[in-house]
>>> print(open('run_0.csv').read())   # CSV, C-alpha atoms
chain,number,residue,atom,x,y,z
B,409,MET,CA,-2.9,-8.1,-36.8
B,410,SER,CA,-3.4,-4.4,-36.3
B,411,LYS,CA,-4.8,-3.0,-33.1
B,412,GLN,CA,-5.7,0.4,-31.9
B,413,VAL,CA,-3.7,1.7,-28.9
B,414,ALA,CA,-6.8,2.3,-26.8
B,415,ASP,CA,-7.7,-1.4,-27.2
B,416,ILE,CA,-4.1,-2.5,-26.3
B,417,ILE,CA,-4.1,-0.4,-23.1
B,418,VAL,CA,-7.5,-1.8,-22.0
B,419,GLU,CA,-6.5,-5.4,-23.0
B,420,THR,CA,-3.4,-5.1,-20.9
B,421,LEU,CA,-5.3,-3.7,-17.9
B,422,GLN,CA,-7.7,-6.6,-18.0
B,423,SER,CA,-4.9,-9.2,-18.2
B,424,ALA,CA,-3.3,-7.5,-15.2
B,425,GLY,CA,-6.4,-8.2,-13.1
B,426,VAL,CA,-8.2,-4.8,-13.3
B,427,GLU,CA,-12.0,-5.3,-12.7
B,428,HIS,CA,-13.2,-1.7,-12.2
B,429,CYS,CA,-12.2,1.6,-13.6
B,430,TYR,CA,-13.4,4.8,-11.9
B,431,GLY,CA,-13.6,8.2,-13.5
B,432,ILE,CA,-15.5,10.7,-15.7
B,433,VAL,CA,-15.5,10.4,-19.5
B,434,GLY,CA,-14.2,13.4,-21.4
B,435,ASP,CA,-13.1,14.1,-24.9
B,436,THR,CA,-9.5,12.9,-24.9
B,437,LEU,CA,-10.6,9.7,-23.0
B,438,ASN,CA,-13.4,8.8,-25.4
B,439,LEU,CA,-11.6,6.1,-27.3
B,440,ILE,CA,-10.3,4.4,-24.1
B,441,ALA,CA,-13.8,4.6,-22.7
B,442,ARG,CA,-15.2,2.9,-25.7
B,443,SER,CA,-12.6,0.2,-25.4
B,444,LEU,CA,-13.5,-0.2,-21.7
B,445,GLU,CA,-17.1,-0.6,-22.7
B,446,ARG,CA,-16.3,-3.5,-24.9
B,447,SER,CA,-14.1,-5.2,-22.3
B,448,LYS,CA,-14.8,-7.1,-19.1
B,449,ILE,CA,-13.7,-4.2,-17.0
B,450,GLU,CA,-16.6,-2.4,-15.4
B,451,TRP,CA,-16.7,1.4,-15.8
B,452,VAL,CA,-17.7,3.2,-12.6
B,453,SER,CA,-18.8,6.7,-13.2
B,454,VAL,CA,-18.2,9.1,-10.3
B,455,ARG,CA,-19.4,12.7,-9.7
B,456,HIS,CA,-15.8,13.9,-9.1
B,457,GLU,CA,-12.5,12.3,-10.0
B,458,ASP,CA,-11.2,12.7,-6.5
B,459,ALA,CA,-13.9,10.4,-5.2
B,460,GLY,CA,-13.0,7.9,-7.9
B,461,ALA,CA,-9.3,7.8,-6.8
B,462,PHE,CA,-10.4,7.2,-3.1
B,463,ALA,CA,-12.8,4.5,-4.3
B,464,ALA,CA,-10.1,2.8,-6.4
B,465,GLN,CA,-7.7,2.9,-3.4
B,466,ALA,CA,-10.3,1.3,-1.2
B,467,GLU,CA,-10.9,-1.5,-3.7
B,468,ALA,CA,-7.2,-2.1,-4.2
B,469,GLN,CA,-6.5,-2.3,-0.5
B,470,LEU,CA,-9.5,-4.6,0.2
B,471,THR,CA,-8.8,-7.0,-2.7
B,472,GLY,CA,-5.0,-6.6,-3.3
B,473,HIS,CA,-5.9,-6.4,-7.1
B,474,LEU,CA,-4.8,-3.6,-9.4
B,475,THR,CA,-7.6,-1.1,-9.8
B,476,ALA,CA,-7.8,1.7,-12.4
B,477,VAL,CA,-8.9,5.3,-12.6
B,478,ALA,CA,-9.1,7.3,-15.8
B,479,GLY,CA,-9.7,10.9,-16.7
B,480,SER,CA,-9.7,13.4,-19.5
B,481,CYS,CA,-7.0,16.0,-20.3
B,482,GLY,CA,-6.4,19.1,-18.2
B,483,PRO,CA,-8.4,19.4,-14.9
B,484,GLY,CA,-10.0,16.0,-15.5
B,485,SER,CA,-7.0,13.9,-14.7
B,486,LEU,CA,-5.6,16.6,-12.4
B,487,HIS,CA,-8.7,16.2,-10.1
B,488,PHE,CA,-7.4,12.7,-9.0
B,489,ILE,CA,-4.5,14.3,-7.1
B,490,ASN,CA,-5.7,13.9,-3.5
B,491,GLY,CA,-6.8,10.3,-3.9
B,492,ILE,CA,-3.7,9.4,-5.8
B,493,PHE,CA,-1.5,10.9,-3.0
B,494,GLU,CA,-3.4,8.8,-0.5
B,495,ALA,CA,-3.3,5.6,-2.5
B,496,ASN,CA,0.4,5.8,-3.0
B,497,ARG,CA,1.1,6.6,0.6
B,498,ASN,CA,-1.1,3.6,1.6
B,499,ARG,CA,0.6,1.2,-0.8
B,500,ALA,CA,-2.5,0.6,-2.8
B,501,PRO,CA,-1.9,-0.8,-6.4
B,502,VAL,CA,-3.8,1.7,-8.6
B,503,ILE,CA,-3.2,2.8,-12.1
B,504,LEU,CA,-4.2,6.2,-13.4
B,505,ILE,CA,-4.8,6.5,-17.1
B,506,ALA,CA,-4.3,10.3,-17.6
B,507,SER,CA,-5.4,11.1,-21.1
B,508,GLN,CA,-3.6,14.1,-22.6
B,509,ILE,CA,-3.9,16.6,-25.5
B,510,ILE,CA,-2.4,15.6,-28.8
B,511,ARG,CA,1.4,15.5,-29.0
B,512,ASP,CA,1.7,18.3,-31.6
B,513,GLU,CA,0.3,20.8,-29.1
B,514,LEU,CA,2.3,19.8,-26.1
B,515,GLY,CA,4.6,22.6,-24.8
B,516,PHE,CA,2.6,25.5,-26.3
B,517,ASP,CA,0.3,26.3,-23.4
B,518,PHE,CA,-2.6,24.7,-25.3
B,519,ILE,CA,-6.1,24.9,-23.6
B,520,GLN,CA,-6.2,22.3,-20.8
B,521,GLU,CA,-2.6,21.4,-21.2
B,522,VAL,CA,-1.2,20.1,-17.8
B,523,ASP,CA,2.2,18.6,-17.3
B,524,PHE,CA,1.0,15.4,-15.6
B,525,LYS,CA,4.5,13.9,-15.4
B,526,GLN,CA,5.8,16.8,-13.4
B,527,ILE,CA,2.8,16.8,-11.0
B,528,TYR,CA,2.4,13.1,-10.4
B,529,LYS,CA,6.0,11.9,-10.2
B,530,SER,CA,6.1,12.8,-6.5
B,531,CYS,CA,3.2,10.6,-5.6
B,532,SER,CA,3.6,7.5,-7.7
B,533,VAL,CA,5.9,4.5,-8.1
B,534,PHE,CA,5.7,4.9,-11.9
B,535,CYS,CA,4.9,8.0,-14.0
B,536,ASP,CA,5.5,8.2,-17.8
B,537,MET,CA,3.9,9.0,-21.1
B,538,ILE,CA,3.3,6.7,-24.1
B,539,TYR,CA,5.2,8.7,-26.7
B,540,THR,CA,4.6,6.4,-29.7
B,541,PRO,CA,1.9,3.8,-30.6
B,542,GLU,CA,4.6,1.1,-30.6
B,543,GLN,CA,5.3,1.7,-26.9
B,544,ALA,CA,1.7,1.2,-25.9
B,545,ARG,CA,1.7,-2.4,-24.7
B,546,ARG,CA,5.2,-2.4,-23.3
B,547,LYS,CA,4.7,0.8,-21.3
B,548,THR,CA,1.3,-0.3,-20.0
B,549,VAL,CA,2.8,-3.6,-18.9
B,550,ILE,CA,5.6,-1.8,-17.0
B,551,ALA,CA,3.0,0.5,-15.4
B,552,CYS,CA,0.8,-2.3,-14.2
B,553,GLN,CA,3.8,-4.5,-13.1
B,554,THR,CA,5.3,-1.6,-11.1
B,555,ALA,CA,2.1,-0.7,-9.4
B,556,LEU,CA,1.6,-4.4,-8.3
B,557,SER,CA,5.2,-5.2,-7.4
B,558,LYS,CA,6.0,-1.9,-5.6
B,559,ARG,CA,2.5,-1.5,-4.2
B,560,GLY,CA,1.7,2.0,-5.2
B,561,VAL,CA,0.3,4.2,-8.0
B,562,ALA,CA,1.3,4.0,-11.6
B,563,VAL,CA,0.5,7.0,-13.8
B,564,LEU,CA,0.2,6.3,-17.5
B,565,ILE,CA,-0.1,9.5,-19.7
B,566,VAL,CA,-1.8,8.9,-23.0
B,567,PRO,CA,-2.1,11.6,-25.6
B,568,ALA,CA,-5.3,11.5,-27.6
B,569,ASP,CA,-3.6,11.0,-30.9
B,570,VAL,CA,-1.7,8.1,-29.5
B,571,SER,CA,-4.8,6.3,-28.2
B,572,ALA,CA,-6.3,6.7,-31.7
B,573,SER,CA,-3.3,5.3,-33.5
B,574,THR,CA,-2.9,1.8,-34.8
B,575,VAL,CA,-0.1,-0.7,-34.0
B,576,HIS,CA,0.7,-3.2,-36.8
B,577,ASP,CA,3.4,-5.3,-35.1
B,578,ASP,CA,2.2,-5.6,-31.5
B,579,ILE,CA,4.9,-7.3,-29.5
B,580,PRO,CA,3.2,-9.6,-26.8
B,581,TYR,CA,4.6,-8.1,-23.6
B,582,ALA,CA,2.8,-9.3,-20.6
B,583,VAL,CA,2.5,-8.5,-16.9
B,584,HIS,CA,4.4,-10.9,-14.5
B,585,VAL,CA,4.0,-10.5,-10.8
B,586,SER,CA,5.2,-13.1,-8.3
B,587,GLU,CA,4.6,-13.2,-4.5
B,588,PRO,CA,7.9,-14.2,-3.0
B,589,VAL,CA,8.2,-15.2,0.6
B,590,VAL,CA,10.4,-12.6,2.3
B,591,ARG,CA,11.8,-13.1,5.8
B,592,PRO,CA,15.1,-12.2,7.6
B,593,SER,CA,18.1,-14.5,7.6
B,594,ASP,CA,18.5,-17.2,10.3
B,595,ALA,CA,21.3,-15.0,11.8
B,596,ASP,CA,18.9,-12.1,12.1
B,597,LEU,CA,16.1,-14.3,13.5
B,598,ASN,CA,18.5,-15.6,16.1
B,599,GLU,CA,19.5,-12.1,17.1
B,600,ILE,CA,15.8,-11.1,17.4
B,601,ALA,CA,15.0,-14.2,19.5
B,602,GLY,CA,17.9,-13.4,21.8
B,603,ILE,CA,16.6,-9.8,22.4
B,604,LEU,CA,13.0,-11.0,23.0
B,605,ASN,CA,14.0,-14.0,25.2
B,606,LYS,CA,16.0,-11.7,27.5
B,607,SER,CA,13.4,-9.0,27.7
B,608,GLY,CA,11.3,-8.2,30.8
B,609,ASN,CA,8.0,-6.5,30.0
B,610,LEU,CA,7.3,-7.0,26.3
B,611,ALA,CA,4.6,-5.4,24.1
B,612,ILE,CA,3.6,-5.9,20.5
B,613,TYR,CA,2.5,-3.0,18.2
B,614,GLY,CA,1.1,-3.9,14.8
B,615,GLY,CA,0.1,-2.0,11.7
B,616,SER,CA,-1.4,-2.7,8.3
B,617,GLY,CA,1.5,-4.9,7.5
B,618,CYS,CA,0.0,-7.5,9.8
B,619,GLN,CA,-2.7,-8.4,7.2
B,620,GLY,CA,-2.9,-12.1,6.9
B,621,ALA,CA,-0.7,-12.8,10.0
B,622,HIS,CA,-3.4,-12.9,12.7
B,623,GLN,CA,-2.7,-16.5,13.8
B,624,GLU,CA,1.1,-16.1,13.8
B,625,ILE,CA,0.9,-12.8,15.9
B,626,LEU,CA,-1.4,-14.4,18.4
B,627,ALA,CA,1.0,-17.4,18.7
B,628,VAL,CA,4.0,-15.1,19.4
B,629,ALA,CA,2.0,-13.0,21.8
B,630,GLU,CA,0.9,-16.1,23.7
B,631,ARG,CA,4.5,-17.4,24.0
B,632,LEU,CA,5.9,-14.1,25.0
B,633,LYS,CA,2.9,-13.2,27.2
B,634,ALA,CA,2.7,-9.8,25.4
B,635,PRO,CA,-0.3,-7.4,25.0
B,636,ILE,CA,-1.0,-6.4,21.4
B,637,ALA,CA,-1.7,-2.7,20.5
B,638,HIS,CA,-2.4,-1.7,17.0
B,639,THR,CA,-2.5,1.3,14.6
B,640,SER,CA,-5.8,2.5,13.1
B,641,ARG,CA,-4.9,0.7,9.9
B,642,GLY,CA,-4.0,-2.4,11.7
B,643,LYS,CA,-7.4,-2.6,13.5
B,644,ASP,CA,-9.0,-4.8,10.8
B,645,PHE,CA,-6.2,-7.4,11.1
B,646,LEU,CA,-5.5,-7.5,14.9
B,647,GLU,CA,-8.6,-6.6,16.9
B,648,PHE,CA,-10.9,-9.4,16.1
B,649,ASP,CA,-10.8,-12.7,18.1
B,650,ASN,CA,-7.8,-11.4,20.0
B,651,PRO,CA,-7.8,-11.9,23.8
B,652,TYR,CA,-4.6,-9.9,24.1
B,653,ASN,CA,-5.9,-6.8,22.3
B,654,ILE,CA,-5.3,-3.4,24.1
B,655,GLY,CA,-6.4,-1.1,21.3
B,656,MET,CA,-4.6,1.9,19.9
B,657,THR,CA,-2.1,4.5,21.3
B,658,GLY,CA,-1.7,8.0,19.9
B,659,MET,CA,-4.2,10.9,19.9
B,660,LEU,CA,-7.0,8.5,18.9
B,661,GLY,CA,-5.9,5.7,21.2
B,662,ASN,CA,-6.7,4.8,24.8
B,663,GLU,CA,-4.8,4.7,28.1
B,664,ALA,CA,-4.0,1.0,28.0
B,665,GLY,CA,-2.3,1.0,24.6
B,666,TYR,CA,-0.6,4.3,25.4
B,667,HIS,CA,0.9,3.2,28.8
B,668,ALA,CA,1.7,-0.4,27.6
B,669,LEU,CA,4.0,0.9,24.9
B,670,LEU,CA,5.6,3.6,27.0
B,671,ASN,CA,6.2,1.2,30.0
B,672,CYS,CA,7.4,-1.9,28.2
B,673,ASP,CA,11.1,-2.9,28.2
B,674,THR,CA,11.0,-4.3,24.7
B,675,LEU,CA,8.6,-3.4,21.8
B,676,LEU,CA,8.1,-5.8,18.9
B,677,LEU,CA,7.0,-3.5,16.0
B,678,LEU,CA,5.3,-5.4,13.2
B,679,GLY,CA,4.4,-3.8,9.9
B,680,ALA,CA,3.7,-0.4,11.5
B,681,ASP,CA,4.8,3.0,10.3
B,682,PHE,CA,3.0,5.0,13.0
B,683,ALA,CA,4.3,8.6,12.5
B,684,TRP,CA,4.0,10.3,15.9
B,685,ARG,CA,7.4,9.4,17.6
B,686,GLN,CA,6.4,10.8,21.0
B,687,PHE,CA,4.2,7.7,21.4
B,688,TYR,CA,7.1,5.3,21.1
B,689,PRO,CA,9.1,4.2,24.2
B,690,ASP,CA,12.3,6.1,24.7
B,691,LYS,CA,14.0,3.6,27.0
B,692,ALA,CA,12.8,0.3,25.6
B,693,LYS,CA,14.6,-1.9,23.0
B,694,ILE,CA,12.6,-1.9,19.7
B,695,VAL,CA,12.6,-4.8,17.2
B,696,GLN,CA,11.0,-3.8,13.9
B,697,VAL,CA,9.8,-6.0,11.1
B,698,ASP,CA,8.7,-4.4,7.9
B,699,ILE,CA,8.4,-5.3,4.2
B,700,ASP,CA,9.7,-1.9,3.2
B,701,PRO,CA,13.3,-1.3,4.1
B,702,THR,CA,12.8,2.5,4.1
B,703,HIS,CA,10.5,2.2,7.1
B,704,LEU,CA,13.1,0.7,9.4
B,705,GLY,CA,13.9,3.2,12.1
B,706,ARG,CA,12.5,6.2,10.3
B,707,ARG,CA,10.0,7.1,13.0
B,708,HIS,CA,12.1,6.3,16.1
B,709,PRO,CA,15.5,4.7,16.6
B,710,VAL,CA,15.3,0.9,16.8
B,711,THR,CA,17.5,-1.7,18.3
B,712,LYS,CA,17.1,-4.2,15.5
B,713,GLY,CA,15.3,-3.7,12.1
B,714,VAL,CA,14.8,-6.4,9.6
B,715,VAL,CA,13.0,-6.6,6.2
B,716,GLY,CA,10.4,-9.3,6.0
B,717,ASP,CA,6.7,-10.2,5.6
B,718,VAL,CA,5.2,-10.3,9.1
B,719,LYS,CA,3.6,-13.7,8.6
B,720,ALA,CA,6.6,-15.5,7.2
B,721,THR,CA,9.0,-13.8,9.7
B,722,LEU,CA,6.9,-14.8,12.8
B,723,GLU,CA,6.5,-18.4,11.5
B,724,ALA,CA,10.3,-18.7,11.3
B,725,LEU,CA,10.8,-16.9,14.6
B,726,LEU,CA,8.3,-18.7,16.8
B,727,PRO,CA,10.3,-21.9,17.3
B,728,LYS,CA,13.3,-19.8,18.6
B,729,LEU,CA,11.2,-18.1,21.3
B,730,ALA,CA,11.2,-19.3,24.8
B,731,GLU,CA,7.9,-19.9,26.5
B,732,ARG,CA,7.2,-17.4,29.3
B,733,THR,CA,5.2,-18.0,32.4
B,734,ASP,CA,4.8,-14.5,33.9
B,735,ALA,CA,1.8,-12.9,32.2
B,736,SER,CA,1.3,-10.1,34.7
B,737,PHE,CA,2.4,-7.3,32.4
B,738,ARG,CA,0.0,-8.4,29.6
B,739,ASP,CA,-2.9,-9.1,32.0
B,740,GLN,CA,-2.5,-5.7,33.6
B,741,TYR,CA,-3.1,-3.9,30.3
B,742,VAL,CA,-5.8,-6.2,29.0
B,743,ARG,CA,-7.7,-5.4,32.2
B,744,ARG,CA,-7.0,-1.7,31.8
B,745,TYR,CA,-8.2,-1.8,28.3
B,746,ALA,CA,-11.5,-3.6,29.3
B,747,LYS,CA,-12.0,-0.9,32.0
B,748,ALA,CA,-11.3,1.9,29.6
B,749,ARG,CA,-13.8,0.4,27.1
>>> encode(input="run_0.csv", output="structure tokens")
Amino acid sequence: MSKQVADIIVETLQSAGVEHCYGIVGDTLNLIARSLERSKIEWVSVRHEDAGAFAAQAEAQLTGHLTAVAGSCGPGSLHFINGIFEANRNRAPVILIASQIIRDELGFDFIQEVDFKQIYKSCSVFCDMIYTPEQARRKTVIACQTALSKRGVAVLIVPADVSASTVHDDIPYAVHVSEPVVRPSDADLNEIAGILNKSGNLAIYGGSGCQGAHQEILAVAERLKAPIAHTSRGKDFLEFDNPYNIGMTGMLGNEAGYHALLNCDTLLLLGADFAWRQFYPDKAKIVQVDIDPTHLGRRHPVTKGVVGDVKATLEALLPKLAERTDASFRDQYVRRYAKAR
């Protein structure tokens, strides 16, 4: 059965879990917009593409689902740039459908011609163009799957003549994304437990990677008698119902969080990529857990860095940790935070 490329793209987006597409309709996007109108995906018209990219990022971060933005050729799809940079930096699964001028005019400085591939490749986990109608489903699947699995932005460039083309033998490629449990090896966990069990004053510093691990972090903090500081992006996951919370450090932080991190002997760094290295302790041992291996030790030297999901890692680590009785370090900074508040 023959299908138009625009319909194939939208059908694939819908099967990948896209519920909303933000953008502004323009000439080269018209066919895709029409297909969106016939689908279950809700089109959200914005006053500027940049706002649409920020909105898509917010939805993707809140829901964990793939969210779409779409724009016309030239400045239309270029206007997404700031929001796309932000979404990719914040690991938000977003797909940009950047419609393009027809293929015959590419490379001749045609009106509104923009080399989207050159521009967006530095702020995306996937960036490519659909060169032929037969590539449509396969390349859209790869874009969606990459955005979801690598947690970032996928940019799919669609020339107007391609979106209007028909595919006669549409091969049924489909998006497959699993959620594996990732945690360090038993040997690594034993090494971490050894460091933590031998530590004196110990603090926990958590970031956005602590999402979904609230209970496990509190259990570890209780066993280690450690105060919990957090980044601004970790606030939603660590501040609520947390008797050991001492707020943030950094330029927007408070004295309790600041001094606890600088004065601890050991810092347990969980899912945090806080950029300002002057707010990390220079003399303490640092144990870092992060799902992204490129984050390990890139802000400040660490004693031990491991790749793992915070929830799964702490679940496996907790039985190896010795119960502490001295809570004076933690209580000192919890009181200091309350006073600062």
>>> residues_around(input="run_0.csv", residues="range 515-523 of chain B", least_positions_apart="2", cutoff="10 Å", atoms="all atoms listed in the file", output="ChimeraX atom specification")
/B:480-486,508-513,525-528,565
>>> atom_distance(input="run_0.csv", atom1="CA of Val590 in chain B", atom2="CA of Ile603 in chain B")
21.2 Å
>>> residues_around(input="run_0.csv", residues="Ser443 in chain B", least_positions_apart="6", cutoff="9 Å", atoms="all atoms listed in the file", output="ChimeraX atom specification")
/B:414-419
>>> closest_residue(input="run_0.csv", among="B:Gln696, B:Asn650, B:Ser557, B:Gln686", to="Tyr613 in chain B", atoms="only C-alpha atoms")
B:Gln696
>>> atom_distance(input="run_0.csv", atom1="CA of Tyr688 in chain B", atom2="CA of Glu731 in chain B")
25.8 Å
>>> residues_near_point(input="run_0.csv", point="(4.9, -9.6, 9.6)", cutoff="7 Å", atoms="all atoms listed in the file", output="PDB file with C-alpha atoms, in the coordinates of the input")
ATOM      1  CA  GLY B 617       1.500  -4.900   7.500  1.00  0.00           C
ATOM      2  CA  CYS B 618       0.000  -7.500   9.800  1.00  0.00           C
ATOM      3  CA  ALA B 621      -0.700 -12.800  10.000  1.00  0.00           C
ATOM      4  CA  LEU B 678       5.300  -5.400  13.200  1.00  0.00           C
ATOM      5  CA  GLY B 679       4.400  -3.800   9.900  1.00  0.00           C
ATOM      6  CA  VAL B 697       9.800  -6.000  11.100  1.00  0.00           C
ATOM      7  CA  ASP B 698       8.700  -4.400   7.900  1.00  0.00           C
ATOM      8  CA  GLY B 716      10.400  -9.300   6.000  1.00  0.00           C
ATOM      9  CA  ASP B 717       6.700 -10.200   5.600  1.00  0.00           C
ATOM     10  CA  VAL B 718       5.200 -10.300   9.100  1.00  0.00           C
ATOM     11  CA  LYS B 719       3.600 -13.700   8.600  1.00  0.00           C
ATOM     12  CA  ALA B 720       6.600 -15.500   7.200  1.00  0.00           C
ATOM     13  CA  THR B 721       9.000 -13.800   9.700  1.00  0.00           C
ATOM     14  CA  LEU B 722       6.900 -14.800  12.800  1.00  0.00           C
TER      15      LEU B 722
END
>>> atom_distance(input="run_0.csv", atom1="CA of Val585 in chain B", atom2="CA of Leu504 in chain B")
18.8 Å
>>> residues_around(input="run_0.csv", residues="Trp451 in chain B", least_positions_apart="6", cutoff="10 Å", atoms="all atoms listed in the file", output="PyMOL selection string")
chain B and resi 427-433+441+444-445+476-478
>>> residues_around(input="run_0.csv", residues="Cys531 in chain B", least_positions_apart="4", cutoff="8 Å", atoms="only C-alpha atoms", output="list in words")
Ile492, Phe493, Asn496, Arg497 and Val561 of chain B
>>> residues_near_point(input="run_0.csv", point="(7.9, -4.3, 14.9)", cutoff="12 Å", atoms="only C-alpha atoms", output="PyMOL selection string")
chain B and resi 600+604+610-618+625+636-639+669+674-682+688+693-699+703-705+707-718+721-722
>>> closest_residue(input="run_0.csv", among="B:Ala582, B:Leu564, B:Ala572, B:Ile654", to="Ala668 in chain B", atoms="all atoms listed in the file")
B:Ile654
>>> closest_residue(input="run_0.csv", among="B:Pro651, B:Pro580, B:Pro727, B:Gly560", to="Thr548 in chain B", atoms="only C-alpha atoms")
B:Pro580
>>> closest_residue(input="run_0.csv", among="B:Thr471, B:Gln740, B:Ser593, B:Gln422", to="Ser447 in chain B", atoms="all atoms listed in the file")
B:Gln422
